[in-house]
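Have a look at structure_31.tsv; it's TSV, C-alpha atoms and all ligand atoms:
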chain	number	residue	atom	x	y	z
A	1	MET	CA	-6.93	-13.56	-22.92
A	2	GLY	CA	-5.87	-13.32	-19.28
A	3	ASP	CA	-8.20	-12.48	-16.43
A	4	ILE	CA	-8.55	-9.03	-14.95
A	5	ILE	CA	-7.80	-9.15	-11.22
A	6	ASP	CA	-10.59	-7.19	-9.56
A	7	GLY	CA	-8.71	-5.26	-6.87
A	8	LYS	CA	-11.58	-2.88	-6.38
A	9	GLY	CA	-14.02	-5.72	-5.68
A	10	PHE	CA	-11.56	-7.55	-3.43
A	11	ALA	CA	-10.94	-4.30	-1.53
A	12	ALA	CA	-14.69	-3.79	-1.03
A	13	ASN	CA	-14.95	-7.29	0.49
A	14	LEU	CA	-11.94	-6.67	2.71
A	15	ARG	CA	-13.46	-3.40	3.92
A	16	ALA	CA	-16.72	-5.20	4.72
A	17	ASP	CA	-14.75	-7.82	6.70
A	18	VAL	CA	-12.93	-5.06	8.57
A	19	ALA	CA	-16.26	-3.38	9.34
A	20	LYS	CA	-17.50	-6.63	10.92
A	21	GLY	CA	-14.28	-6.88	12.91
A	22	VAL	CA	-14.77	-3.29	14.06
A	23	ASP	CA	-18.24	-4.16	15.41
A	24	THR	CA	-16.82	-7.06	17.40
A	25	PHE	CA	-13.95	-4.91	18.63
A	26	ARG	CA	-16.32	-2.20	19.77
A	27	ALA	CA	-18.44	-4.69	21.71
A	28	GLN	CA	-15.34	-6.02	23.48
A	29	ALA	CA	-13.29	-2.87	24.00
A	30	GLY	CA	-16.12	-0.38	24.47
A	31	ARG	CA	-14.65	1.96	21.88
A	32	ALA	CA	-13.99	2.13	18.14
A	33	PRO	CA	-10.51	1.70	16.60
A	34	GLY	CA	-9.03	5.13	15.86
A	35	LEU	CA	-6.84	6.27	12.98
A	36	ALA	CA	-5.06	9.63	13.04
A	37	VAL	CA	-4.18	11.03	9.63
A	38	VAL	CA	-1.77	13.96	9.47
A	39	LEU	CA	-1.61	16.11	6.35
A	40	VAL	CA	0.90	18.95	6.09
A	41	GLY	CA	0.20	21.46	3.33
A	42	GLU	CA	-2.38	21.43	0.58
A	43	ASP	CA	-1.00	19.25	-2.19
A	44	PRO	CA	-4.15	18.48	-4.22
A	45	ALA	CA	-3.39	14.76	-4.73
A	46	SER	CA	-2.61	14.31	-1.03
A	47	THR	CA	-5.80	16.14	-0.07
A	48	VAL	CA	-7.84	13.75	-2.23
A	49	TYR	CA	-6.13	10.66	-0.73
A	50	VAL	CA	-6.62	11.89	2.82
A	51	ARG	CA	-10.28	12.55	2.15
A	52	SER	CA	-10.80	9.03	0.78
A	53	LYS	CA	-8.96	7.53	3.78
A	54	HIS	CA	-11.24	9.48	6.12
A	55	LYS	CA	-14.35	8.33	4.26
A	56	ALA	CA	-13.21	4.69	4.28
A	57	CYS	CA	-12.54	4.89	8.03
A	58	VAL	CA	-15.97	6.25	8.81
A	59	GLU	CA	-17.64	3.66	6.55
A	60	ALA	CA	-15.83	0.88	8.42
A	61	GLY	CA	-17.09	2.26	11.73
A	62	MET	CA	-13.72	3.58	12.85
A	63	GLU	CA	-12.87	6.87	14.44
A	64	SER	CA	-10.90	9.14	12.10
A	65	PHE	CA	-8.85	11.99	13.57
A	66	GLU	CA	-7.74	14.38	10.85
A	67	HIS	CA	-4.93	16.83	11.51
A	68	ARG	CA	-4.42	19.35	8.73
A	69	LEU	CA	-1.41	21.56	9.29
A	70	PRO	CA	-0.24	24.52	7.20
A	71	ALA	CA	2.58	23.95	4.67
A	72	ASP	CA	4.97	26.11	6.75
A	73	THR	CA	4.52	24.04	9.92
A	74	ALA	CA	7.80	23.76	11.84
A	75	GLU	CA	9.31	20.27	12.04
A	76	GLY	CA	9.31	20.53	15.84
A	77	ASP	CA	5.58	21.22	15.92
A	78	LEU	CA	4.89	18.17	13.73
A	79	LEU	CA	7.11	16.02	15.97
A	80	SER	CA	5.26	17.18	19.06
A	81	LEU	CA	1.89	16.38	17.43
A	82	ILE	CA	3.17	12.86	16.76
A	83	GLY	CA	4.25	12.62	20.39
A	84	GLN	CA	0.71	13.52	21.45
A	85	LEU	CA	-0.82	10.95	19.09
A	86	ASN	CA	1.60	8.27	20.35
A	87	ALA	CA	0.35	8.98	23.89
A	88	ASP	CA	-3.36	9.26	23.00
A	89	PRO	CA	-5.20	6.07	24.06
A	90	ALA	CA	-7.98	6.69	21.48
A	91	VAL	CA	-5.45	6.57	18.61
A	92	ASP	CA	-4.49	3.08	17.41
A	93	GLY	CA	-2.91	4.02	14.10
A	94	ILE	CA	-0.97	7.06	12.88
A	95	LEU	CA	-0.48	7.93	9.22
A	96	VAL	CA	1.57	10.93	8.14
A	97	GLN	CA	0.71	11.58	4.51
A	98	LEU	CA	3.79	11.69	2.29
A	99	PRO	CA	5.41	13.57	0.68
A	100	LEU	CA	6.07	16.19	3.37
A	101	PRO	CA	7.12	19.77	2.54
A	102	ARG	CA	10.83	20.01	1.77
A	103	HIS	CA	11.86	21.81	4.95
A	104	ILE	CA	10.75	18.79	7.02
A	105	ASP	CA	12.95	15.70	7.48
A	106	GLU	CA	10.67	12.83	6.45
A	107	LEU	CA	12.78	10.12	8.07
A	108	LYS	CA	12.85	11.96	11.40
A	109	VAL	CA	9.07	12.39	11.35
A	110	ILE	CA	8.33	8.77	10.42
A	111	GLU	CA	10.76	7.53	13.07
A	112	ALA	CA	8.84	9.52	15.70
A	113	ILE	CA	5.81	7.24	15.20
A	114	ASP	CA	5.40	4.48	17.80
A	115	PRO	CA	5.97	1.21	15.82
A	116	ASP	CA	2.89	-0.24	17.56
A	117	LYS	CA	0.83	2.52	15.88
A	118	ASP	CA	2.72	2.51	12.56
A	119	VAL	CA	-0.15	1.24	10.40
A	120	ASP	CA	1.67	2.45	7.25
A	121	GLY	CA	4.56	0.12	8.11
A	122	PHE	CA	7.06	2.86	7.21
A	123	THR	CA	9.23	3.00	10.36
A	124	ILE	CA	12.61	1.27	10.55
A	125	GLY	CA	11.12	-0.79	13.38
A	126	SER	CA	8.33	-2.07	11.12
A	127	ALA	CA	10.79	-2.84	8.29
A	128	GLY	CA	13.02	-4.69	10.76
A	129	ARG	CA	10.13	-6.69	12.17
A	130	LEU	CA	9.07	-7.73	8.67
A	131	ALA	CA	12.62	-8.66	7.69
A	132	THR	CA	13.11	-10.76	10.83
A	133	GLY	CA	9.67	-12.38	10.98
A	134	GLN	CA	8.29	-10.55	14.03
A	135	ASP	CA	4.73	-9.25	14.43
A	136	GLY	CA	4.48	-5.73	13.10
A	137	PHE	CA	2.78	-3.75	10.37
A	138	VAL	CA	3.40	-4.37	6.69
A	139	ALA	CA	3.18	-1.39	4.32
A	140	CYS	CA	-0.33	-1.28	2.85
A	141	THR	CA	0.51	-1.43	-0.86
A	142	PRO	CA	2.71	-4.56	-0.76
A	143	LEU	CA	0.31	-6.17	1.72
A	144	GLY	CA	-2.55	-5.57	-0.72
A	145	CYS	CA	-0.50	-7.03	-3.59
A	146	LEU	CA	0.22	-10.16	-1.53
A	147	MET	CA	-3.47	-10.62	-0.71
A	148	LEU	CA	-4.37	-10.45	-4.41
A	149	LEU	CA	-1.62	-12.95	-5.29
A	150	LYS	CA	-2.64	-15.44	-2.60
A	151	ASP	CA	-6.30	-15.13	-3.57
A	152	ARG	CA	-5.41	-15.86	-7.17
A	153	LEU	CA	-2.66	-18.45	-6.82
A	154	GLY	CA	-3.12	-20.01	-3.39
A	155	ASP	CA	0.23	-21.38	-2.22
A	156	LEU	CA	3.08	-19.26	-3.62
A	157	SER	CA	5.81	-21.62	-2.47
A	158	GLY	CA	8.58	-22.21	-5.01
A	159	LYS	CA	7.28	-19.69	-7.50
A	160	SER	CA	9.67	-17.34	-9.20
A	161	ALA	CA	8.82	-13.69	-8.43
A	162	VAL	CA	10.38	-10.64	-10.03
A	163	ILE	CA	9.77	-7.26	-8.42
A	164	ILE	CA	10.65	-4.27	-10.56
A	165	GLY	CA	11.52	-1.40	-8.23
A	166	ARG	CA	13.49	-1.25	-4.96
A	167	SER	CA	11.72	1.43	-2.93
A	168	ASN	CA	11.41	1.20	0.84
A	169	ILE	CA	7.65	1.58	0.51
A	170	VAL	CA	6.90	-1.08	-2.11
A	171	GLY	CA	9.80	-3.03	-3.65
A	172	LYS	CA	11.73	-4.01	-0.53
A	173	PRO	CA	8.76	-4.98	1.69
A	174	MET	CA	7.20	-6.83	-1.28
A	175	ALA	CA	10.41	-8.86	-1.57
A	176	MET	CA	10.30	-9.70	2.15
A	177	LEU	CA	6.65	-10.77	1.93
A	178	LEU	CA	7.21	-13.02	-1.09
A	179	LEU	CA	10.30	-14.50	0.53
A	180	ARG	CA	8.18	-15.27	3.61
A	181	GLU	CA	5.84	-17.15	1.21
A	182	SER	CA	8.84	-19.17	-0.03
A	183	CYS	CA	9.04	-17.60	-3.48
A	184	THR	CA	12.37	-17.30	-5.25
A	185	VAL	CA	12.63	-13.52	-5.28
A	186	THR	CA	14.48	-11.21	-7.65
A	187	ILE	CA	14.48	-7.44	-7.18
A	188	ALA	CA	15.12	-5.74	-10.51
A	189	HIS	CA	15.76	-2.00	-10.87
A	190	SER	CA	17.08	0.70	-13.20
A	191	ARG	CA	20.56	-0.85	-13.36
A	192	THR	CA	19.36	-4.40	-14.05
A	193	GLN	CA	20.89	-5.81	-17.23
A	194	ASP	CA	18.45	-7.20	-19.80
A	195	LEU	CA	15.36	-6.52	-17.72
A	196	PRO	CA	12.99	-8.14	-20.26
A	197	ALA	CA	14.93	-11.42	-19.98
A	198	VAL	CA	14.80	-11.27	-16.18
A	199	VAL	CA	11.05	-10.61	-16.20
A	200	ARG	CA	10.50	-13.44	-18.69
A	201	GLY	CA	11.64	-15.91	-16.04
A	202	ALA	CA	8.92	-14.87	-13.58
A	203	ASP	CA	5.71	-16.64	-12.57
A	204	ILE	CA	4.85	-13.50	-10.59
A	205	VAL	CA	5.69	-9.97	-11.74
A	206	VAL	CA	5.21	-6.96	-9.46
A	207	ALA	CA	5.84	-3.70	-11.31
A	208	ALA	CA	6.54	-0.70	-9.07
A	209	VAL	CA	8.78	1.70	-10.94
A	210	GLY	CA	6.58	4.64	-11.86
A	211	ARG	CA	7.24	4.46	-15.61
A	212	PRO	CA	4.06	4.45	-17.70
A	213	GLU	CA	3.47	1.15	-19.55
A	214	MET	CA	7.14	0.15	-19.36
A	215	VAL	CA	6.52	-3.60	-19.04
A	216	ARG	CA	5.56	-4.98	-22.46
A	217	GLY	CA	3.66	-8.10	-23.37
A	218	ASP	CA	6.70	-9.82	-24.86
A	219	TRP	CA	8.56	-9.42	-21.53
A	220	LEU	CA	6.15	-11.83	-19.86
A	221	LYS	CA	6.22	-15.58	-19.44
A	222	PRO	CA	2.97	-17.02	-20.81
A	223	GLY	CA	0.65	-17.68	-17.88
A	224	ALA	CA	2.38	-15.26	-15.49
A	225	THR	CA	0.45	-13.30	-12.86
A	226	VAL	CA	1.07	-9.57	-13.13
A	227	ILE	CA	0.56	-7.03	-10.33
A	228	ASP	CA	0.79	-3.43	-11.50
A	229	VAL	CA	1.54	-0.98	-8.68
A	230	GLY	CA	2.15	2.01	-10.98
A	231	ILE	CA	-0.23	4.96	-10.99
A	232	ASN	CA	0.89	7.31	-13.78
A	233	ARG	CA	-1.08	10.22	-15.15
A	234	VAL	CA	-0.50	10.60	-18.90
A	235	PRO	CA	-2.08	12.79	-21.59
A	236	ALA	CA	-5.20	11.28	-23.15
A	237	ASP	CA	-6.47	11.61	-26.72
A	238	ASP	CA	-9.23	14.00	-25.67
A	239	GLY	CA	-6.70	16.51	-24.29
A	240	LYS	CA	-7.42	15.46	-20.70
A	241	THR	CA	-5.33	12.96	-18.71
A	242	ARG	CA	-5.78	9.30	-17.90
A	243	LEU	CA	-4.24	6.88	-15.41
A	244	VAL	CA	-2.00	4.07	-16.62
A	245	GLY	CA	0.14	1.59	-14.75
A	246	ASP	CA	3.75	0.48	-15.21
A	247	VAL	CA	2.52	-2.38	-17.41
A	248	ASP	CA	1.10	-2.19	-20.92
A	249	PHE	CA	-2.23	-3.65	-19.86
A	250	ALA	CA	-3.60	-4.61	-23.30
A	251	GLU	CA	-0.38	-6.39	-24.28
A	252	ALA	CA	-0.03	-8.09	-20.91
A	253	MET	CA	-3.58	-9.43	-21.07
A	254	LYS	CA	-2.67	-11.33	-24.24
A	255	VAL	CA	0.18	-13.24	-22.58
A	256	ALA	CA	-0.41	-13.35	-18.83
A	257	ALA	CA	-2.89	-15.53	-16.92
A	258	ALA	CA	-4.04	-12.51	-14.90
A	259	VAL	CA	-3.27	-8.80	-14.62
A	260	THR	CA	-4.33	-6.04	-12.20
A	261	PRO	CA	-5.84	-3.02	-13.96
A	262	VAL	CA	-5.05	0.65	-13.25
A	263	PRO	CA	-7.22	2.12	-11.85
A	264	GLY	CA	-9.20	-0.49	-9.96
A	265	GLY	CA	-6.35	-2.86	-9.07
A	266	VAL	CA	-3.77	-2.27	-6.37
A	267	GLY	CA	-4.82	1.30	-5.47
A	268	PRO	CA	-8.10	0.40	-3.72
A	269	MET	CA	-6.29	-2.41	-1.87
A	270	THR	CA	-3.91	0.12	-0.31
A	271	ILE	CA	-6.73	1.90	1.51
A	272	ALA	CA	-8.47	-1.35	2.50
A	273	CYS	CA	-5.19	-2.62	3.98
A	274	LEU	CA	-4.79	0.60	5.94
A	275	LEU	CA	-8.13	-0.14	7.62
A	276	HIS	CA	-7.08	-3.77	8.12
A	277	ASN	CA	-3.82	-2.67	9.80
A	278	THR	CA	-5.65	-0.16	11.99
A	279	LEU	CA	-8.03	-2.84	13.26
A	280	THR	CA	-5.04	-5.11	13.94
A	281	ALA	CA	-3.31	-2.29	15.84
A	282	ALA	CA	-6.43	-1.71	17.95
A	283	ARG	CA	-6.77	-5.43	18.76
A	284	ARG	CA	-3.12	-5.71	19.72
A	285	ARG	CA	-3.30	-2.64	21.93
A	286	GLU	CA	-6.35	-4.04	23.73
A	287	ASN	CA	-5.04	-7.63	23.74
A	288	ILE	CA	-8.04	-8.84	21.76
A	289	GLY	CA	-7.83	-11.82	19.36
B	1	LIG	N1	1.83	7.92	4.46
B	1	LIG	C1	1.34	7.59	3.26
B	1	LIG	N2	0.74	6.40	3.09
B	1	LIG	C2	0.22	6.05	1.86
B	1	LIG	O1	-0.32	4.92	1.71
B	1	LIG	C3	0.31	6.98	0.79
B	1	LIG	C4	0.95	8.21	1.03
B	1	LIG	N3	1.46	8.48	2.25
B	1	LIG	N4	1.06	9.13	0.04
B	1	LIG	C5	0.49	8.90	-1.27
B	1	LIG	C6	0.39	7.44	-1.62
B	1	LIG	C7	-0.56	7.11	-2.73
B	1	LIG	N5	-1.56	6.21	-2.17
B	1	LIG	C8	-2.67	5.73	-2.86
B	1	LIG	C9	-3.74	5.13	-2.25
B	1	LIG	C10	-4.86	4.72	-2.97
B	1	LIG	C11	-4.93	4.90	-4.33
B	1	LIG	C12	-6.15	4.51	-5.08
B	1	LIG	O2	-7.12	4.06	-4.48
B	1	LIG	N6	-6.21	4.66	-6.42
B	1	LIG	C13	-7.37	4.33	-7.23
B	1	LIG	C14	-7.90	5.52	-8.02
B	1	LIG	C15	-6.90	6.64	-8.24
B	1	LIG	C16	-7.45	7.84	-9.00
B	1	LIG	O3	-8.48	7.73	-9.68
B	1	LIG	O4	-6.77	8.88	-8.91
B	1	LIG	C17	-7.06	3.19	-8.17
B	1	LIG	O5	-5.87	2.92	-8.42
B	1	LIG	O6	-8.00	2.56	-8.64
B	1	LIG	C18	-3.85	5.47	-4.97
B	1	LIG	C19	-2.75	5.87	-4.25
B	1	LIG	C20	-1.30	6.06	-0.84
B	1	LIG	N7	-0.19	6.72	-0.48

Written as structure tokens, that's how I'd like the structure from this file.
Ligand SMILES: Nc1nc(=O)c2c([nH]1)NC[C@@H]1CN(c3ccc(C(=O)N[C@@H](CCC(=O)O)C(=O)O)cc3)C=[N+]21
Amino acid sequence: MGDIIDGKGFAANLRADVAKGVDTFRAQAGRAPGLAVVLVGEDPASTVYVRSKHKACVEAGMESFEHRLPADTAEGDLLSLIGQLNADPAVDGILVQLPLPRHIDELKVIEAIDPDKDVDGFTIGSAGRLATGQDGFVACTPLGCLMLLKDRLGDLSGKSAVIIGRSNIVGKPMAMLLLRESCTVTIAHSRTQDLPAVVRGADIVVAAVGRPEMVRGDWLKPGATVIDVGINRVPADDGKTRLVGDVDFAEAMKVAAAVTPVPGGVGPMTIACLLHNTLTAARRRENIG
């Protein structure tokens, strides 16, 4: 049996570390780090996420500025709010909850965020900095996955990593991060031929496709480390729903050395990394450590 990678526990430790860093920051800068979270509309899932981000911020001793705008907010009004947040000295990080309502151009809105406050790591500037090895912000989900991998495996150099999924938010930045760690990186996707064979070559598998339990046990190299980014809601036996990842967890546990569970794996790391990035943004803006 493989080990379960305790993302939830790791995230709790990371949040406690960030809280200590926040105390030190406050003593030096005379203020708390501030995160502005912008939510447009009332999508129930987004509302839950934004609430948990706010709670995590407050628990870490940070200032949380919530901006809830109606679903019919004009794009121009959202852009001018972002302009205000860019200029606000109390705001170190800006997060615009995605997805945005369809009448708003997501790319335009994200690009309006000052890259020095882009704690989500979603701007082209942040992607470019990551790809070229400059200081910037790395998207929270891939950053959390990397932390779990390094904690588990130590040096990743020379390992073969297969990422399933090529999104701008997870797959591509994950590839850049693992390349930076000197892994041999393959990005697989819906057009990949013989995906199981490709995955079977991997010491590290990161599944980020959004297909419930797609990765089977017999796709895995014995002893592989498996990071499951998927969060899929599927019908449960009791008529309710349950969360499953992109990996068949029970099968994977029989073959892999270690697997992240869903829930309790990568998800909690995403929020902890958001706090981590916000503290980093605050330190950089104040020229502290
Ligand atoms: N600008 C922006 N940045 C984001 O980072 C962002 C976003 N928009 N839009 C939505 C997605 C989704 N996301 C999650 C964060 C934490 C969990 C999480 O903590 N999940 C728990 C429990 C989930 C549950 O029980 O529903 C777990 O996996 O254990 C999941 C999903 C951040 N997102």

Practice task
Return as a PyMOL selection string the residues of protein, DNA or RNA that approach ligand LIG 1 (chain B) to within 7 Å, with all atoms listed in the file taken into account.
Solution key: chain A and resi 8+46+49+95-99+120+140-141+231+262-268+270-271

Handout entry: Distance in Å - atom CA of Leu85 of chain A versus atom CA of Gly171 of chain A
Key = 28.7 Å

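In this model, the gap between atom CA of Asp203 of chain A and atom CA of Leu177 of chain A comes to 15.7 Å.
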
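Nearest to Pro173 of chain A of all the residues A:Ala131, A:Ala188, A:Ala282, A:Ala90 is A:Ala131, counting all atoms listed in the file.
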
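The nearest approach to Leu14 of chain A among the residues A:Pro261, A:Gly165, A:Gly144, A:Gly210, with only C-alpha atoms taken into account, belongs to A:Gly144.
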
Reconstruct N, CA and C atoms of segment 114-127 of chain A from the incomplete input and present them as a PDB file, keeping the file's coordinate frame.
ATOM      1  N   ASP A 114       5.315   5.716  17.021  1.00  0.00           N
ATOM      2  CA  ASP A 114       5.400   4.480  17.800  1.00  0.00           C
ATOM      3  C   ASP A 114       5.193   3.282  16.849  1.00  0.00           C
ATOM      4  N   PRO A 115       6.134   2.350  16.756  1.00  0.00           N
ATOM      5  CA  PRO A 115       5.970   1.210  15.820  1.00  0.00           C
ATOM      6  C   PRO A 115       4.672   0.428  16.066  1.00  0.00           C
ATOM      7  N   ASP A 116       4.153   0.455  17.285  1.00  0.00           N
ATOM      8  CA  ASP A 116       2.890  -0.240  17.560  1.00  0.00           C
ATOM      9  C   ASP A 116       1.685   0.496  16.972  1.00  0.00           C
ATOM     10  N   LYS A 117       1.902   1.748  16.518  1.00  0.00           N
ATOM     11  CA  LYS A 117       0.830   2.520  15.880  1.00  0.00           C
ATOM     12  C   LYS A 117       1.151   2.805  14.415  1.00  0.00           C
ATOM     13  N   ASP A 118       2.230   2.203  13.918  1.00  0.00           N
ATOM     14  CA  ASP A 118       2.720   2.510  12.560  1.00  0.00           C
ATOM     15  C   ASP A 118       1.967   1.685  11.515  1.00  0.00           C
ATOM     16  N   VAL A 119       0.703   2.027  11.297  1.00  0.00           N
ATOM     17  CA  VAL A 119      -0.150   1.240  10.400  1.00  0.00           C
ATOM     18  C   VAL A 119       0.249   1.364   8.930  1.00  0.00           C
ATOM     19  N   ASP A 120       1.102   2.328   8.603  1.00  0.00           N
ATOM     20  CA  ASP A 120       1.670   2.450   7.250  1.00  0.00           C
ATOM     21  C   ASP A 120       2.843   1.472   7.071  1.00  0.00           C
ATOM     22  N   GLY A 121       3.401   1.021   8.173  1.00  0.00           N
ATOM     23  CA  GLY A 121       4.560   0.120   8.110  1.00  0.00           C
ATOM     24  C   GLY A 121       5.822   0.787   7.606  1.00  0.00           C
ATOM     25  N   PHE A 122       5.942   2.107   7.797  1.00  0.00           N
ATOM     26  CA  PHE A 122       7.060   2.860   7.210  1.00  0.00           C
ATOM     27  C   PHE A 122       8.251   3.039   8.144  1.00  0.00           C
ATOM     28  N   THR A 123       8.096   2.769   9.449  1.00  0.00           N
ATOM     29  CA  THR A 123       9.230   3.000  10.360  1.00  0.00           C
ATOM     30  C   THR A 123      10.300   1.923  10.170  1.00  0.00           C
ATOM     31  N   ILE A 124      11.512   2.248  10.607  1.00  0.00           N
ATOM     32  CA  ILE A 124      12.610   1.270  10.550  1.00  0.00           C
ATOM     33  C   ILE A 124      12.234   0.064  11.400  1.00  0.00           C
ATOM     34  N   GLY A 125      11.559   0.318  12.519  1.00  0.00           N
ATOM     35  CA  GLY A 125      11.120  -0.790  13.380  1.00  0.00           C
ATOM     36  C   GLY A 125      10.205  -1.749  12.636  1.00  0.00           C
ATOM     37  N   SER A 126       9.252  -1.213  11.874  1.00  0.00           N
ATOM     38  CA  SER A 126       8.330  -2.070  11.120  1.00  0.00           C
ATOM     39  C   SER A 126       9.074  -2.847  10.037  1.00  0.00           C
ATOM     40  N   ALA A 127       9.999  -2.167   9.337  1.00  0.00           N
ATOM     41  CA  ALA A 127      10.790  -2.840   8.290  1.00  0.00           C
ATOM     42  C   ALA A 127      11.616  -3.957   8.903  1.00  0.00           C
TER      43      ALA A 127
END
